[in-house]
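Text of entry19.cif, listed as mmCIF, C-alpha atoms and all ligand atoms:
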data_work
#
loop_
_atom_site.group_PDB
_atom_site.id
_atom_site.type_symbol
_atom_site.label_atom_id
_atom_site.label_comp_id
_atom_site.auth_asym_id
_atom_site.auth_seq_id
_atom_site.Cartn_x
_atom_site.Cartn_y
_atom_site.Cartn_z
ATOM 1 C CA MET A 27 -71.563 310.306 -91.232
ATOM 2 C CA PRO A 28 -72.583 313.424 -93.091
ATOM 3 C CA PRO A 29 -73.771 312.759 -96.621
ATOM 4 C CA LEU A 30 -70.845 312.551 -99.038
ATOM 5 C CA GLY A 31 -72.699 313.437 -102.187
ATOM 6 C CA GLY A 32 -75.945 313.291 -104.097
ATOM 7 C CA GLY A 33 -77.285 310.845 -106.600
ATOM 8 C CA GLY A 34 -79.839 308.165 -107.251
ATOM 9 C CA ILE A 35 -80.344 304.854 -105.563
ATOM 10 C CA ILE A 36 -79.448 301.532 -107.147
ATOM 11 C CA PRO A 37 -79.862 298.002 -105.786
ATOM 12 C CA ALA A 38 -76.430 296.330 -105.721
ATOM 13 C CA MET A 39 -73.569 295.827 -103.303
ATOM 14 C CA PRO A 40 -70.620 298.059 -102.503
ATOM 15 C CA GLU A 41 -67.728 297.568 -104.910
ATOM 16 C CA LEU A 42 -64.203 298.955 -104.957
ATOM 17 C CA PRO A 43 -65.151 302.659 -105.322
ATOM 18 C CA GLU A 44 -67.775 302.561 -102.571
ATOM 19 C CA VAL A 45 -65.522 300.707 -100.126
ATOM 20 C CA GLU A 46 -62.641 303.038 -100.983
ATOM 21 C CA THR A 47 -64.899 306.020 -100.266
ATOM 22 C CA ILE A 48 -65.959 304.542 -96.925
ATOM 23 C CA VAL A 49 -62.340 303.898 -95.960
ATOM 24 C CA ARG A 50 -61.282 307.440 -96.868
ATOM 25 C CA ALA A 51 -64.194 308.888 -94.901
ATOM 26 C CA TYR A 52 -63.532 306.834 -91.767
ATOM 27 C CA ARG A 53 -59.735 306.872 -91.803
ATOM 28 C CA PRO A 54 -59.328 310.244 -90.001
ATOM 29 C CA ARG A 55 -61.769 309.185 -87.289
ATOM 30 C CA LEU A 56 -60.367 305.732 -86.708
ATOM 31 C CA VAL A 57 -56.606 305.798 -87.210
ATOM 32 C CA GLY A 58 -54.877 306.358 -83.874
ATOM 33 C CA ARG A 59 -57.903 305.286 -81.838
ATOM 34 C CA ARG A 60 -57.834 302.319 -79.485
ATOM 35 C CA LEU A 61 -60.631 299.770 -79.556
ATOM 36 C CA THR A 62 -62.001 299.331 -76.051
ATOM 37 C CA ALA A 63 -64.851 296.890 -76.688
ATOM 38 C CA TYR A 64 -66.470 294.799 -79.408
ATOM 39 C CA THR A 65 -70.096 293.856 -78.926
ATOM 40 C CA SER A 66 -71.876 291.515 -81.295
ATOM 41 C CA ARG A 67 -75.560 290.817 -81.649
ATOM 42 C CA TRP A 68 -75.117 288.287 -84.432
ATOM 43 C CA ALA A 69 -72.604 285.553 -83.737
ATOM 44 C CA LYS A 70 -72.313 284.368 -87.332
ATOM 45 C CA GLN A 71 -70.799 287.684 -88.439
ATOM 46 C CA ALA A 72 -67.510 286.871 -86.744
ATOM 47 C CA SER A 73 -64.698 284.609 -87.859
ATOM 48 C CA PRO A 74 -63.256 282.556 -86.309
ATOM 49 C CA SER A 75 -65.715 283.539 -83.509
ATOM 50 C CA VAL A 76 -67.015 286.557 -81.606
ATOM 51 C CA ALA A 77 -64.774 285.654 -78.661
ATOM 52 C CA ALA A 78 -61.701 285.312 -80.893
ATOM 53 C CA VAL A 79 -62.359 288.634 -82.615
ATOM 54 C CA ARG A 80 -62.863 290.283 -79.226
ATOM 55 C CA ARG A 81 -59.650 288.795 -77.834
ATOM 56 C CA GLY A 82 -57.850 289.881 -80.981
ATOM 57 C CA VAL A 83 -58.984 293.486 -81.237
ATOM 58 C CA VAL A 84 -59.874 294.856 -77.816
ATOM 59 C CA GLY A 85 -57.090 296.956 -76.321
ATOM 60 C CA LYS A 86 -55.395 297.436 -79.678
ATOM 61 C CA ARG A 87 -54.827 300.653 -81.552
ATOM 62 C CA ILE A 88 -55.869 301.124 -85.161
ATOM 63 C CA VAL A 89 -52.661 302.127 -86.930
ATOM 64 C CA ARG A 90 -53.942 301.977 -90.508
ATOM 65 C CA LEU A 91 -57.257 301.739 -92.303
ATOM 66 C CA ASP A 92 -57.074 300.441 -95.866
ATOM 67 C CA ARG A 93 -59.093 298.762 -98.546
ATOM 68 C CA ARG A 94 -58.195 295.438 -100.136
ATOM 69 C CA ALA A 95 -60.671 294.340 -102.832
ATOM 70 C CA LYS A 96 -64.049 294.950 -101.158
ATOM 71 C CA TYR A 97 -62.680 294.482 -97.631
ATOM 72 C CA ILE A 98 -62.071 297.213 -95.083
ATOM 73 C CA VAL A 99 -58.764 296.317 -93.425
ATOM 74 C CA PHE A 100 -57.959 297.534 -89.912
ATOM 75 C CA THR A 101 -54.262 297.174 -89.087
ATOM 76 C CA LEU A 102 -53.929 296.808 -85.311
ATOM 77 C CA ALA A 103 -51.130 297.049 -82.781
ATOM 78 C CA GLY A 104 -51.147 296.287 -79.078
ATOM 79 C CA PRO A 105 -49.405 298.586 -76.571
ATOM 80 C CA GLY A 106 -45.708 298.763 -77.456
ATOM 81 C CA GLU A 107 -46.138 296.305 -80.317
ATOM 82 C CA LEU A 108 -45.493 296.506 -84.005
ATOM 83 C CA PRO A 109 -48.626 296.074 -86.124
ATOM 84 C CA GLN A 110 -49.084 292.341 -86.372
ATOM 85 C CA SER A 111 -52.799 291.734 -86.444
ATOM 86 C CA TRP A 112 -55.673 292.720 -88.646
ATOM 87 C CA MET A 113 -59.431 292.934 -88.590
ATOM 88 C CA LEU A 114 -61.182 292.545 -91.923
ATOM 89 C CA LEU A 115 -64.700 293.779 -92.486
ATOM 90 C CA HIS A 116 -66.737 292.875 -95.564
ATOM 91 C CA LEU A 117 -70.048 294.717 -95.850
ATOM 92 C CA ARG A 118 -71.385 292.347 -98.538
ATOM 93 C CA MET A 119 -74.992 292.948 -99.587
ATOM 94 C CA SER A 120 -76.414 294.846 -96.661
ATOM 95 C CA GLY A 121 -73.774 296.068 -94.230
ATOM 96 C CA ARG A 122 -73.239 299.716 -93.458
ATOM 97 C CA LEU A 123 -70.949 301.522 -91.038
ATOM 98 C CA GLU A 124 -72.405 304.294 -88.947
ATOM 99 C CA TRP A 125 -70.791 306.648 -86.514
ATOM 100 C CA ALA A 126 -72.357 307.153 -83.105
ATOM 101 C CA ALA A 127 -70.912 310.180 -81.368
ATOM 102 C CA ASP A 128 -73.499 309.714 -78.650
ATOM 103 C CA PRO A 129 -74.232 305.998 -78.426
ATOM 104 C CA GLU A 130 -77.157 306.502 -76.050
ATOM 105 C CA LYS A 131 -79.090 308.590 -78.530
ATOM 106 C CA GLY A 132 -79.490 307.298 -82.002
ATOM 107 C CA ARG A 133 -81.781 306.562 -84.811
ATOM 108 C CA HIS A 134 -79.645 303.661 -85.968
ATOM 109 C CA ARG A 135 -81.463 300.543 -87.091
ATOM 110 C CA HIS A 136 -80.418 296.914 -87.556
ATOM 111 C CA ILE A 137 -77.346 297.262 -85.349
ATOM 112 C CA ARG A 138 -75.493 293.927 -85.449
ATOM 113 C CA ALA A 139 -72.222 294.948 -83.847
ATOM 114 C CA TRP A 140 -70.370 297.905 -82.425
ATOM 115 C CA PHE A 141 -66.866 298.878 -81.501
ATOM 116 C CA ASP A 142 -66.230 301.293 -78.647
ATOM 117 C CA LEU A 143 -63.317 303.656 -79.118
ATOM 118 C CA ASP A 144 -61.072 305.298 -76.543
ATOM 119 C CA ASP A 145 -62.392 308.758 -77.470
ATOM 120 C CA GLY A 146 -65.930 307.817 -76.407
ATOM 121 C CA ASN A 147 -67.247 307.363 -79.930
ATOM 122 C CA ARG A 148 -68.713 304.166 -81.236
ATOM 123 C CA LEU A 149 -68.490 302.540 -84.645
ATOM 124 C CA LEU A 150 -71.660 300.668 -85.538
ATOM 125 C CA LEU A 151 -72.175 297.897 -88.028
ATOM 126 C CA CYS A 152 -75.771 298.143 -89.230
ATOM 127 C CA ASP A 153 -76.851 295.257 -91.382
ATOM 128 C CA SER A 154 -80.486 294.558 -92.163
ATOM 129 C CA ARG A 155 -79.852 291.190 -93.793
ATOM 130 C CA LYS A 156 -76.926 290.052 -91.631
ATOM 131 C CA PHE A 157 -74.587 289.361 -94.543
ATOM 132 C CA ALA A 158 -71.626 291.449 -93.370
ATOM 133 C CA ARG A 159 -68.610 289.599 -91.984
ATOM 134 C CA ILE A 160 -65.870 290.501 -89.503
ATOM 135 C CA SER A 161 -62.714 288.457 -89.187
ATOM 136 C CA PHE A 162 -59.523 288.647 -87.183
ATOM 137 C CA THR A 163 -56.168 287.372 -88.358
ATOM 138 C CA THR A 164 -52.481 287.529 -87.516
ATOM 139 C CA ASP A 165 -51.574 286.556 -91.085
ATOM 140 C CA LEU A 166 -52.877 289.112 -93.540
ATOM 141 C CA ASN A 167 -51.238 287.418 -96.517
ATOM 142 C CA ALA A 168 -53.019 284.165 -95.791
ATOM 143 C CA ALA A 169 -56.314 285.939 -95.127
ATOM 144 C CA THR A 170 -56.164 287.722 -98.479
ATOM 145 C CA ALA A 171 -54.447 285.011 -100.540
ATOM 146 C CA HIS A 172 -57.676 284.305 -102.418
ATOM 147 C CA LEU A 173 -57.796 287.844 -103.810
ATOM 148 C CA GLY A 174 -56.527 288.855 -107.220
ATOM 149 C CA ILE A 175 -54.609 291.943 -108.224
ATOM 150 C CA GLU A 176 -55.671 295.454 -107.193
ATOM 151 C CA PRO A 177 -56.618 297.207 -110.438
ATOM 152 C CA LEU A 178 -55.475 300.676 -109.355
ATOM 153 C CA GLU A 179 -52.051 299.577 -108.204
ATOM 154 C CA ARG A 180 -48.933 300.046 -110.275
ATOM 155 C CA ALA A 181 -48.439 296.296 -110.700
ATOM 156 C CA PHE A 182 -51.659 296.111 -112.689
ATOM 157 C CA THR A 183 -50.219 296.778 -116.134
ATOM 158 C CA ALA A 184 -51.747 296.054 -119.532
ATOM 159 C CA ALA A 185 -49.239 293.210 -119.895
ATOM 160 C CA ARG A 186 -50.350 291.743 -116.569
ATOM 161 C CA LEU A 187 -53.986 291.943 -117.603
ATOM 162 C CA GLU A 188 -53.153 290.317 -120.927
ATOM 163 C CA HIS A 189 -51.545 287.439 -119.068
ATOM 164 C CA LEU A 190 -54.575 287.073 -116.777
ATOM 165 C CA LEU A 191 -56.924 287.077 -119.779
ATOM 166 C CA HIS A 192 -54.948 284.882 -122.125
ATOM 167 C CA THR A 193 -54.156 282.179 -119.581
ATOM 168 C CA ARG A 194 -57.891 281.719 -119.080
ATOM 169 C CA ALA A 195 -60.606 280.812 -121.561
ATOM 170 C CA ARG A 196 -63.516 282.551 -119.903
ATOM 171 C CA GLN A 197 -66.298 284.934 -120.759
ATOM 172 C CA LEU A 198 -65.344 288.480 -119.826
ATOM 173 C CA LYS A 199 -68.177 289.353 -117.471
ATOM 174 C CA PRO A 200 -67.791 286.380 -115.107
ATOM 175 C CA LEU A 201 -64.037 286.798 -115.277
ATOM 176 C CA LEU A 202 -64.244 290.448 -114.249
ATOM 177 C CA LEU A 203 -66.541 289.517 -111.345
ATOM 178 C CA ASP A 204 -64.124 286.836 -110.142
ATOM 179 C CA GLN A 205 -62.339 288.379 -107.140
ATOM 180 C CA SER A 206 -59.457 285.947 -107.490
ATOM 181 C CA VAL A 207 -58.442 287.451 -110.850
ATOM 182 C CA VAL A 208 -58.934 291.218 -110.549
ATOM 183 C CA ALA A 209 -60.187 292.343 -107.138
ATOM 184 C CA GLY A 210 -62.904 294.892 -106.470
ATOM 185 C CA LEU A 211 -65.165 294.900 -109.509
ATOM 186 C CA GLY A 212 -68.810 293.948 -109.047
ATOM 187 C CA ASN A 213 -71.874 294.048 -111.218
ATOM 188 C CA ILE A 214 -72.089 297.816 -111.666
ATOM 189 C CA TYR A 215 -68.510 298.519 -112.684
ATOM 190 C CA ALA A 216 -68.006 295.319 -114.701
ATOM 191 C CA ASP A 217 -70.843 296.493 -116.972
ATOM 192 C CA GLU A 218 -69.504 300.043 -117.157
ATOM 193 C CA VAL A 219 -65.980 298.823 -117.884
ATOM 194 C CA LEU A 220 -67.073 296.495 -120.709
ATOM 195 C CA TYR A 221 -69.119 299.274 -122.260
ATOM 196 C CA ALA A 222 -66.223 301.725 -122.050
ATOM 197 C CA ALA A 223 -63.949 299.136 -123.676
ATOM 198 C CA GLY A 224 -66.490 298.315 -126.399
ATOM 199 C CA LEU A 225 -66.450 294.636 -125.454
ATOM 200 C CA HIS A 226 -69.321 292.177 -125.186
ATOM 201 C CA PRO A 227 -69.706 290.462 -121.786
ATOM 202 C CA LEU A 228 -69.695 287.051 -123.479
ATOM 203 C CA ALA A 229 -66.460 287.681 -125.382
ATOM 204 C CA ARG A 230 -63.750 285.148 -124.559
ATOM 205 C CA SER A 231 -60.769 286.304 -122.546
ATOM 206 C CA ASP A 232 -58.230 284.327 -124.586
ATOM 207 C CA GLU A 233 -59.470 285.754 -127.864
ATOM 208 C CA LEU A 234 -58.938 289.453 -127.227
ATOM 209 C CA SER A 235 -56.493 291.273 -129.460
ATOM 210 C CA PRO A 236 -53.699 293.366 -127.913
ATOM 211 C CA ALA A 237 -55.694 296.510 -128.724
ATOM 212 C CA GLN A 238 -58.772 295.108 -126.981
ATOM 213 C CA VAL A 239 -56.749 294.114 -123.928
ATOM 214 C CA ARG A 240 -55.386 297.641 -123.768
ATOM 215 C CA ALA A 241 -58.861 299.118 -124.124
ATOM 216 C CA LEU A 242 -60.103 296.907 -121.290
ATOM 217 C CA TRP A 243 -57.139 297.818 -119.091
ATOM 218 C CA ARG A 244 -57.684 301.535 -119.677
ATOM 219 C CA ALA A 245 -61.424 301.160 -119.079
ATOM 220 C CA ILE A 246 -60.980 299.348 -115.749
ATOM 221 C CA ARG A 247 -58.724 302.075 -114.405
ATOM 222 C CA ALA A 248 -60.636 305.015 -115.836
ATOM 223 C CA VAL A 249 -64.067 303.821 -114.690
ATOM 224 C CA LEU A 250 -62.892 302.984 -111.166
ATOM 225 C CA ARG A 251 -61.000 306.266 -110.780
ATOM 226 C CA LYS A 252 -63.969 308.268 -111.972
ATOM 227 C CA ALA A 253 -66.266 306.387 -109.591
ATOM 228 C CA ILE A 254 -63.939 307.082 -106.662
ATOM 229 C CA ARG A 255 -63.887 310.772 -107.592
ATOM 230 C CA HIS A 256 -67.683 310.725 -107.308
ATOM 231 C CA ASN A 257 -67.701 308.736 -104.042
ATOM 232 C CA GLY A 258 -69.083 305.650 -105.771
ATOM 233 C CA THR A 259 -72.672 304.861 -106.704
ATOM 234 C CA SER A 260 -75.558 305.086 -104.251
ATOM 235 C CA ILE A 261 -76.890 301.652 -103.381
ATOM 236 C CA ASP A 262 -80.354 301.600 -101.775
ATOM 237 C CA TRP A 263 -80.283 302.134 -98.013
ATOM 238 C CA ILE A 264 -76.860 300.672 -97.368
ATOM 239 C CA TYR A 265 -74.862 303.251 -99.293
ATOM 240 C CA PRO A 266 -76.775 306.472 -99.985
ATOM 241 C CA ASP A 267 -73.729 308.715 -100.293
ATOM 242 C CA GLY A 268 -72.479 308.188 -103.846
ATOM 243 C CA GLY A 269 -72.562 310.692 -106.688
ATOM 244 C CA MET A 270 -71.626 308.392 -109.607
ATOM 245 C CA GLU A 271 -75.137 307.393 -110.647
ATOM 246 C CA PRO A 272 -75.605 310.217 -113.218
ATOM 247 C CA TYR A 273 -72.357 309.138 -114.907
ATOM 248 C CA LEU A 274 -73.271 305.461 -115.349
ATOM 249 C CA LYS A 275 -73.664 304.773 -119.051
ATOM 250 C CA VAL A 276 -75.340 301.349 -119.121
ATOM 251 C CA TYR A 277 -75.872 299.939 -115.617
ATOM 252 C CA GLY A 278 -79.542 300.311 -114.678
ATOM 253 C CA ARG A 279 -80.233 302.104 -117.969
ATOM 254 C CA ALA A 280 -82.019 299.394 -119.982
ATOM 255 C CA GLY A 281 -84.223 300.963 -122.650
ATOM 256 C CA THR A 282 -82.530 304.353 -122.611
ATOM 257 C CA PRO A 283 -80.380 305.472 -125.568
ATOM 258 C CA CYS A 284 -76.667 304.694 -125.653
ATOM 259 C CA PRO A 285 -74.832 307.999 -125.075
ATOM 260 C CA VAL A 286 -72.601 307.267 -128.088
ATOM 261 C CA CYS A 287 -74.809 305.755 -130.784
ATOM 262 C CA GLY A 288 -78.399 306.167 -129.546
ATOM 263 C CA THR A 289 -79.239 302.438 -129.666
ATOM 264 C CA ALA A 290 -81.401 301.309 -126.731
ATOM 265 C CA ILE A 291 -79.369 299.778 -123.898
ATOM 266 C CA GLU A 292 -80.278 296.117 -123.411
ATOM 267 C CA ARG A 293 -80.373 294.005 -120.293
ATOM 268 C CA LEU A 294 -79.107 290.428 -120.555
ATOM 269 C CA ARG A 295 -78.515 287.682 -118.066
ATOM 270 C CA VAL A 296 -74.877 286.590 -117.891
ATOM 271 C CA ALA A 297 -73.704 284.142 -115.227
ATOM 272 C CA GLN A 298 -76.961 284.692 -113.297
ATOM 273 C CA ARG A 299 -76.259 288.394 -113.154
ATOM 274 C CA SER A 300 -78.222 291.177 -114.714
ATOM 275 C CA THR A 301 -75.961 292.690 -117.387
ATOM 276 C CA HIS A 302 -76.323 295.900 -119.377
ATOM 277 C CA ILE A 303 -74.882 296.554 -122.824
ATOM 278 C CA CYS A 304 -75.195 298.657 -125.920
ATOM 279 C CA PRO A 305 -75.735 296.003 -128.603
ATOM 280 C CA ARG A 306 -74.155 298.236 -131.230
ATOM 281 C CA CYS A 307 -71.077 299.496 -129.356
ATOM 282 C CA GLN A 308 -70.482 296.054 -127.786
ATOM 283 C CA PRO A 309 -71.125 293.636 -130.622
ATOM 284 C CA ARG A 310 -71.461 289.956 -129.927
ATOM 285 C CA PRO A 311 -68.360 287.965 -130.839
ATOM 286 C CA VAL A 312 -68.755 286.463 -134.299
ATOM 287 C CA ARG A 313 -67.924 282.766 -134.369
ATOM 288 C CA LEU A 314 -65.515 281.933 -137.176
ATOM 289 C CA PRO A 315 -64.765 278.527 -138.707
ATOM 290 C CA GLY A 316 -62.289 276.725 -136.480
ATOM 291 C CA GLY A 317 -63.954 277.871 -133.270
ATOM 292 C CA ARG A 318 -62.141 281.187 -132.815
ATOM 293 C CA SER A 319 -64.213 284.310 -132.690
ATOM 294 C CA ARG A 320 -63.481 287.744 -133.994
ATOM 295 C CA HIS A 321 -64.662 290.895 -132.353
ATOM 296 C CA ARG A 322 -65.760 293.959 -134.021
ATOM 297 C CA GLY A 323 -65.725 296.960 -131.809
ATOM 298 C CA GLY A 324 -62.681 298.596 -130.288
ATOM 299 C CA GLY A 325 -62.114 300.757 -127.281
ATOM 300 C CA ARG A 326 -63.532 304.097 -126.519
ATOM 301 C CA LEU A 327 -61.375 305.479 -123.736
HETATM 302 ZN ZN ZN B 401 -73.882 302.437 -128.465
#

Output the file's structure as structure tokens, nothing else.
Amino acid sequence: MPPLGGGGIIPAMPELPEVETIVRAYRPRLVGRRLTAYTSRWAKQASPSVAAVRRGVVGKRIVRLDRRAKYIVFTLAGPGELPQSWMLLHLRMSGRLEWAADPEKGRHRHIRAWFDLDDGNRLLLCDSRKFARISFTTDLNAATAHLGIEPLERAFTAARLEHLLHTRARQLKPLLLDQSVVAGLGNIYADEVLYAAGLHPLARSDELSPAQVRALWRAIRAVLRKAIRHNGTSIDWIYPDGGMEPYLKVYGRAGTPCPVCGTAIERLRVAQRSTHICPRCQPRPVRLPGGRSRHRGGGRL
């Protein structure tokens, strides 16, 4: 792939904006092509098995390429068939797609799998740490039943988010990272979203006011849309193509001044994850008598 943009390099894993960017970049090359072979060099990548994935995909045409949460979803159809099978690819911590126009010549490293296409090109899965996963299914609903709502879809309204928050009593950061609630956010964008909403990562989901819910809803959509516009954030060697890094306000910025108030950005540990906040713009919830907490701080978007 040609580079998609500039930007710095950050250790993390691809989240919604990066996967969306990958899907948009590969869609014109892949949709309409027929898969002629699947070769695996790492059996554990495939579910239910390498042989089952091969039986499922080889000979089929890619009729759509989409993103669901952090998955790349290939919709497949056999000759004369309606689309009724899917291949899901999750890059996880270290997977990266590469395009080999001339498979015999290449500087590709850590190749764990490849798909041959009917136009002579080859799609490579490069994966230094072997975390990426490929699965085949004939029931997409079942395969994605564990995933929560897509935050950029129309069904994700402020009222829907309020319901998701208020029917749970959880800290905001782990809740935002939970793919079964809202799908697609990871460590980078959860931090950016909470900062944009003026909310502390330890604030409780069931204690947010309607105005805070609305601020969070607006922040989720605005941050993700902006990140997609910039092709996501560059992530060490697995995703060097993003241009969002200069626009991150808190993630990876510990010690630098908050763009709004000038207070030094702090790094905390929340749910075993490195978490970045402005302690002034995202005040800690204040515990009140009776166990409820009150938040200062509102939204900013
Ligand atoms: Zn601040």

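Rounded to one decimal, atom CA of A:Thr101 and atom CA of A:Leu56 lie 10.8 Å from each other.
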
Next on the checklist: Show me which residues line ligand ZN 401 (chain B), defined as having an atom within 6 Å of a ligand atom where only C-alpha atoms and all ligand atoms count, and present them as number ranges by chain.
Outcome noted: A: 284, 286-289, 304, 306-307

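With all atoms listed in the file as the atoms that count, the residue of A:Ile160, A:Ala95, A:Leu42, A:Trp243 with the shortest distance to A:Gly82 is A:Ile160.
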
Using only the atoms of stretch 281-297 of chain A listed in the file, plus 5 Å on each side, state the axis-aligned box centre and edge lengths in Å rounded to one decimal, as JSON.
{"center_x": -78.4, "center_y": 296.1, "center_z": -123.0, "size_x": 21.6, "size_y": 33.9, "size_z": 25.6}

Determine the residue membership of the PyMOL selection byres (((chain A and resi 100) around 9) and not hetatm) for the file above and supply it as a tab-separated table (two decimals) with C-alpha atoms, in the coordinates of the input.
chain	number	residue	atom	x	y	z
A	57	VAL	CA	-56.61	305.80	-87.21
A	88	ILE	CA	-55.87	301.12	-85.16
A	89	VAL	CA	-52.66	302.13	-86.93
A	90	ARG	CA	-53.94	301.98	-90.51
A	91	LEU	CA	-57.26	301.74	-92.30
A	92	ASP	CA	-57.07	300.44	-95.87
A	93	ARG	CA	-59.09	298.76	-98.55
A	98	ILE	CA	-62.07	297.21	-95.08
A	99	VAL	CA	-58.76	296.32	-93.42
A	101	THR	CA	-54.26	297.17	-89.09
A	102	LEU	CA	-53.93	296.81	-85.31
A	111	SER	CA	-52.80	291.73	-86.44
A	112	TRP	CA	-55.67	292.72	-88.65
A	113	MET	CA	-59.43	292.93	-88.59
A	114	LEU	CA	-61.18	292.54	-91.92
A	115	LEU	CA	-64.70	293.78	-92.49

Item to check | Residue nearest A:Thr65 - candidates A:Lys156, A:Arg138, A:His302, A:His172, atoms counted: all atoms listed in the file | outcome: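 Distance minimum relative to A:Thr65 lands on A:Arg138.
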
Item to check | atom CA of A:Asn257 to atom CA of A:Gly269, straight-line distance in Å | outcome: 5.9 Å

Next on the checklist: So the first atom is atom CA of A:Leu191 and the second is atom CA of A:Ser206; what is the distance between them in Å, to one decimal place?
Outcome noted: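 Distance reported for this atom pair: 12.6 Å.
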
Checklist entry - Nearest to A:Ala253 among A:Ala216, A:Leu274, A:Ala139, A:Ala63, with distances taken over only C-alpha atoms: which residue is it? => result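 The shortest atom-to-atom distance to A:Ala253 comes from A:Leu274.
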
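Comparing the minimum interatomic distances between A:Glu218 and each of A:Phe182, A:Ile264, A:Leu143, A:Ile303, counting all atoms listed in the file, we find that A:Ile303 sits nearest.
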
Can you patch up stretch 58-64 of chain A, filling it in to all heavy atoms, and show the result as a compact mmCIF listing (two decimals), keeping the file's coordinate frame?
# COMPACT_ATOMS: atom_id res chain seq x y z
N GLY A 58 -55.37 305.80 -85.13
CA GLY A 58 -54.88 306.36 -83.87
C GLY A 58 -55.77 306.03 -82.68
O GLY A 58 -55.33 306.16 -81.54
N ARG A 59 -56.99 305.60 -82.94
CA ARG A 59 -57.90 305.29 -81.84
C ARG A 59 -57.65 303.86 -81.34
O ARG A 59 -57.24 302.98 -82.10
CB ARG A 59 -59.35 305.41 -82.30
CG ARG A 59 -59.75 306.79 -82.74
CD ARG A 59 -60.31 307.64 -81.58
NE ARG A 59 -59.36 307.84 -80.49
CZ ARG A 59 -58.47 308.84 -80.46
NH1 ARG A 59 -58.40 309.71 -81.43
NH2 ARG A 59 -57.65 308.96 -79.44
N ARG A 60 -57.94 303.65 -80.07
CA ARG A 60 -57.83 302.32 -79.48
C ARG A 60 -59.23 301.73 -79.36
O ARG A 60 -60.19 302.44 -79.01
CB ARG A 60 -57.17 302.42 -78.11
CG ARG A 60 -56.58 301.11 -77.60
CD ARG A 60 -55.59 301.37 -76.44
NE ARG A 60 -56.20 302.22 -75.41
CZ ARG A 60 -57.01 301.77 -74.45
NH1 ARG A 60 -57.31 300.50 -74.36
NH2 ARG A 60 -57.53 302.61 -73.57
N LEU A 61 -59.34 300.46 -79.68
CA LEU A 61 -60.63 299.77 -79.56
C LEU A 61 -60.77 299.30 -78.11
O LEU A 61 -59.90 298.59 -77.60
CB LEU A 61 -60.68 298.58 -80.51
CG LEU A 61 -60.65 298.94 -82.00
CD1 LEU A 61 -60.21 297.74 -82.85
CD2 LEU A 61 -62.02 299.43 -82.46
N THR A 62 -61.85 299.71 -77.46
CA THR A 62 -62.00 299.33 -76.05
C THR A 62 -63.03 298.24 -75.84
O THR A 62 -63.07 297.63 -74.77
CB THR A 62 -62.37 300.56 -75.20
OG1 THR A 62 -63.59 301.12 -75.73
CG2 THR A 62 -61.27 301.61 -75.26
N ALA A 63 -63.88 297.98 -76.83
CA ALA A 63 -64.85 296.89 -76.69
C ALA A 63 -65.41 296.53 -78.06
O ALA A 63 -65.48 297.38 -78.95
CB ALA A 63 -66.00 297.30 -75.76
N TYR A 64 -65.76 295.27 -78.21
CA TYR A 64 -66.47 294.80 -79.41
C TYR A 64 -67.69 294.05 -78.92
O TYR A 64 -67.59 293.09 -78.15
CB TYR A 64 -65.56 293.89 -80.23
CG TYR A 64 -66.26 292.97 -81.21
CD1 TYR A 64 -67.22 293.44 -82.12
CD2 TYR A 64 -65.98 291.60 -81.24
CE1 TYR A 64 -67.85 292.59 -83.02
CE2 TYR A 64 -66.60 290.73 -82.14
CZ TYR A 64 -67.53 291.23 -83.01
OH TYR A 64 -68.16 290.39 -83.90
